[in-house]
Amino acid sequence: MAGRLTLNKQDLIALANTRMPFGKYQGRVLIDLPEEYLLWFARKEVFPAGHLGELMQLALAIKIEGLQGLVDPLRKTTGY
């Protein structure tokens, strides 16, 4: 993962509620993407450009460090 990732509340909320817009896991909330899927992007160095790619990299870092519990309470309880 290139660059330095930072944790901020807005990004954690986005991880808990933004759905993957394409691919095999289209529609799945970003923090729920399988670690193996995120690692594939990292190995190939093909994370999407922009905020989506940054959030996917952050999701991977959170999963690797076992910090998913930080994100779970931020999930929206309605509309999903």
# chains A, B, ... in the order shown; residues from 1 in each chain; ligands from 1
>>> residues_around(residues="segment 13-26 of chain A", least_positions_apart="6", cutoff="8 Å", atoms="only C-alpha atoms", output="ChimeraX atom specification")
/A:33,55,59,71-72,74-76
>>> select_by_dssp(residues="chain A", states="helix (DSSP H, G or I)", output="PyMOL selection string")
chain A and resi 9-17+30-32+35-44+50-65+68-70+72-74
>>> atom_distance(atom1="atom CA of Leu30 of chain A", atom2="atom CA of Met56 of chain A")
6.7 Å
>>> closest_residue(among="A:Ile31, A:Glu45, A:His51, A:Lys9", to="Leu67 of chain A", atoms="only C-alpha atoms")
A:Ile31
>>> closest_residue(among="A:Pro48, A:Pro34, A:Ala61, A:Val29", to="Leu7 of chain A", atoms="only C-alpha atoms")
A:Ala61
>>> atom_distance(atom1="atom CA of Trp40 of chain A", atom2="atom CA of Asn8 of chain A")
24.8 Å
>>> residues_around(residues="Arg43 of chain A", least_positions_apart="3", cutoff="12 Å", atoms="only C-alpha atoms", output="PyMOL selection string")
chain A and resi 1-2+36-40+46-47+57+60
>>> atom_distance(atom1="atom CA of Arg28 of chain A", atom2="atom CA of Gly69 of chain A")
17.6 Å
>>> decode(residues="segment 38-61 of chain A", atoms="N, CA and C atoms", output="PDB file, in the first residue's frame")
ATOM      1  N   LEU A  38      -9.189  -7.898  -1.055  1.00  0.00           N
ATOM      2  CA  LEU A  38      -8.426  -6.657  -0.891  1.00  0.00           C
ATOM      3  C   LEU A  38      -6.939  -6.897  -1.095  1.00  0.00           C
ATOM      4  N   LEU A  39      -6.447  -8.042  -0.631  1.00  0.00           N
ATOM      5  CA  LEU A  39      -5.033  -8.377  -0.830  1.00  0.00           C
ATOM      6  C   LEU A  39      -4.708  -8.556  -2.312  1.00  0.00           C
ATOM      7  N   TRP A  40      -5.663  -9.062  -3.086  1.00  0.00           N
ATOM      8  CA  TRP A  40      -5.447  -9.197  -4.531  1.00  0.00           C
ATOM      9  C   TRP A  40      -5.178  -7.827  -5.142  1.00  0.00           C
ATOM     10  N   PHE A  41      -6.001  -6.827  -4.782  1.00  0.00           N
ATOM     11  CA  PHE A  41      -5.782  -5.463  -5.280  1.00  0.00           C
ATOM     12  C   PHE A  41      -4.402  -4.958  -4.868  1.00  0.00           C
ATOM     13  N   ALA A  42      -4.022  -5.226  -3.629  1.00  0.00           N
ATOM     14  CA  ALA A  42      -2.726  -4.761  -3.128  1.00  0.00           C
ATOM     15  C   ALA A  42      -1.574  -5.428  -3.881  1.00  0.00           C
ATOM     16  N   ARG A  43      -1.669  -6.738  -4.086  1.00  0.00           N
ATOM     17  CA  ARG A  43      -0.598  -7.453  -4.799  1.00  0.00           C
ATOM     18  C   ARG A  43      -0.452  -6.960  -6.232  1.00  0.00           C
ATOM     19  N   LYS A  44      -1.581  -6.704  -6.889  1.00  0.00           N
ATOM     20  CA  LYS A  44      -1.566  -6.257  -8.282  1.00  0.00           C
ATOM     21  C   LYS A  44      -1.331  -4.750  -8.402  1.00  0.00           C
ATOM     22  N   GLU A  45      -1.385  -4.045  -7.244  1.00  0.00           N
ATOM     23  CA  GLU A  45      -1.241  -2.586  -7.220  1.00  0.00           C
ATOM     24  C   GLU A  45      -2.259  -1.922  -8.142  1.00  0.00           C
ATOM     25  N   VAL A  46      -3.512  -2.385  -8.044  1.00  0.00           N
ATOM     26  CA  VAL A  46      -4.571  -1.873  -8.911  1.00  0.00           C
ATOM     27  C   VAL A  46      -5.792  -1.389  -8.119  1.00  0.00           C
ATOM     28  N   PHE A  47      -5.569  -0.861  -6.918  1.00  0.00           N
ATOM     29  CA  PHE A  47      -6.705  -0.279  -6.209  1.00  0.00           C
ATOM     30  C   PHE A  47      -7.300   0.813  -7.095  1.00  0.00           C
ATOM     31  N   PRO A  48      -8.624   0.953  -7.083  1.00  0.00           N
ATOM     32  CA  PRO A  48      -9.238   2.020  -7.876  1.00  0.00           C
ATOM     33  C   PRO A  48      -8.672   3.391  -7.477  1.00  0.00           C
ATOM     34  N   ALA A  49      -8.681   4.303  -8.420  1.00  0.00           N
ATOM     35  CA  ALA A  49      -8.205   5.658  -8.146  1.00  0.00           C
ATOM     36  C   ALA A  49      -9.195   6.375  -7.239  1.00  0.00           C
ATOM     37  N   GLY A  50      -8.725   7.378  -6.560  1.00  0.00           N
ATOM     38  CA  GLY A  50      -9.593   8.249  -5.782  1.00  0.00           C
ATOM     39  C   GLY A  50      -9.975   7.700  -4.423  1.00  0.00           C
ATOM     40  N   HIS A  51     -11.080   8.229  -3.909  1.00  0.00           N
ATOM     41  CA  HIS A  51     -11.513   7.924  -2.543  1.00  0.00           C
ATOM     42  C   HIS A  51     -11.868   6.451  -2.365  1.00  0.00           C
ATOM     43  N   LEU A  52     -12.469   5.813  -3.378  1.00  0.00           N
ATOM     44  CA  LEU A  52     -12.806   4.403  -3.273  1.00  0.00           C
ATOM     45  C   LEU A  52     -11.553   3.569  -3.009  1.00  0.00           C
ATOM     46  N   GLY A  53     -10.519   3.806  -3.770  1.00  0.00           N
ATOM     47  CA  GLY A  53      -9.265   3.068  -3.584  1.00  0.00           C
ATOM     48  C   GLY A  53      -8.659   3.318  -2.214  1.00  0.00           C
ATOM     49  N   GLU A  54      -8.736   4.558  -1.753  1.00  0.00           N
ATOM     50  CA  GLU A  54      -8.220   4.879  -0.421  1.00  0.00           C
ATOM     51  C   GLU A  54      -9.006   4.128   0.653  1.00  0.00           C
ATOM     52  N   LEU A  55     -10.322   4.087   0.500  1.00  0.00           N
ATOM     53  CA  LEU A  55     -11.152   3.369   1.471  1.00  0.00           C
ATOM     54  C   LEU A  55     -10.869   1.869   1.435  1.00  0.00           C
ATOM     55  N   MET A  56     -10.658   1.318   0.262  1.00  0.00           N
ATOM     56  CA  MET A  56     -10.344  -0.108   0.162  1.00  0.00           C
ATOM     57  C   MET A  56      -9.003  -0.420   0.816  1.00  0.00           C
ATOM     58  N   GLN A  57      -8.024   0.459   0.647  1.00  0.00           N
ATOM     59  CA  GLN A  57      -6.732   0.267   1.306  1.00  0.00           C
ATOM     60  C   GLN A  57      -6.871   0.369   2.825  1.00  0.00           C
ATOM     61  N   LEU A  58      -7.690   1.307   3.261  1.00  0.00           N
ATOM     62  CA  LEU A  58      -7.944   1.455   4.690  1.00  0.00           C
ATOM     63  C   LEU A  58      -8.655   0.214   5.235  1.00  0.00           C
ATOM     64  N   ALA A  59      -9.618  -0.319   4.487  1.00  0.00           N
ATOM     65  CA  ALA A  59     -10.310  -1.542   4.904  1.00  0.00           C
ATOM     66  C   ALA A  59      -9.314  -2.686   5.076  1.00  0.00           C
ATOM     67  N   LEU A  60      -8.389  -2.815   4.148  1.00  0.00           N
ATOM     68  CA  LEU A  60      -7.383  -3.867   4.242  1.00  0.00           C
ATOM     69  C   LEU A  60      -6.515  -3.676   5.484  1.00  0.00           C
ATOM     70  N   ALA A  61      -6.055  -2.462   5.715  1.00  0.00           N
ATOM     71  CA  ALA A  61      -5.216  -2.191   6.889  1.00  0.00           C
ATOM     72  C   ALA A  61      -5.966  -2.518   8.180  1.00  0.00           C
TER      73      ALA A  61
END
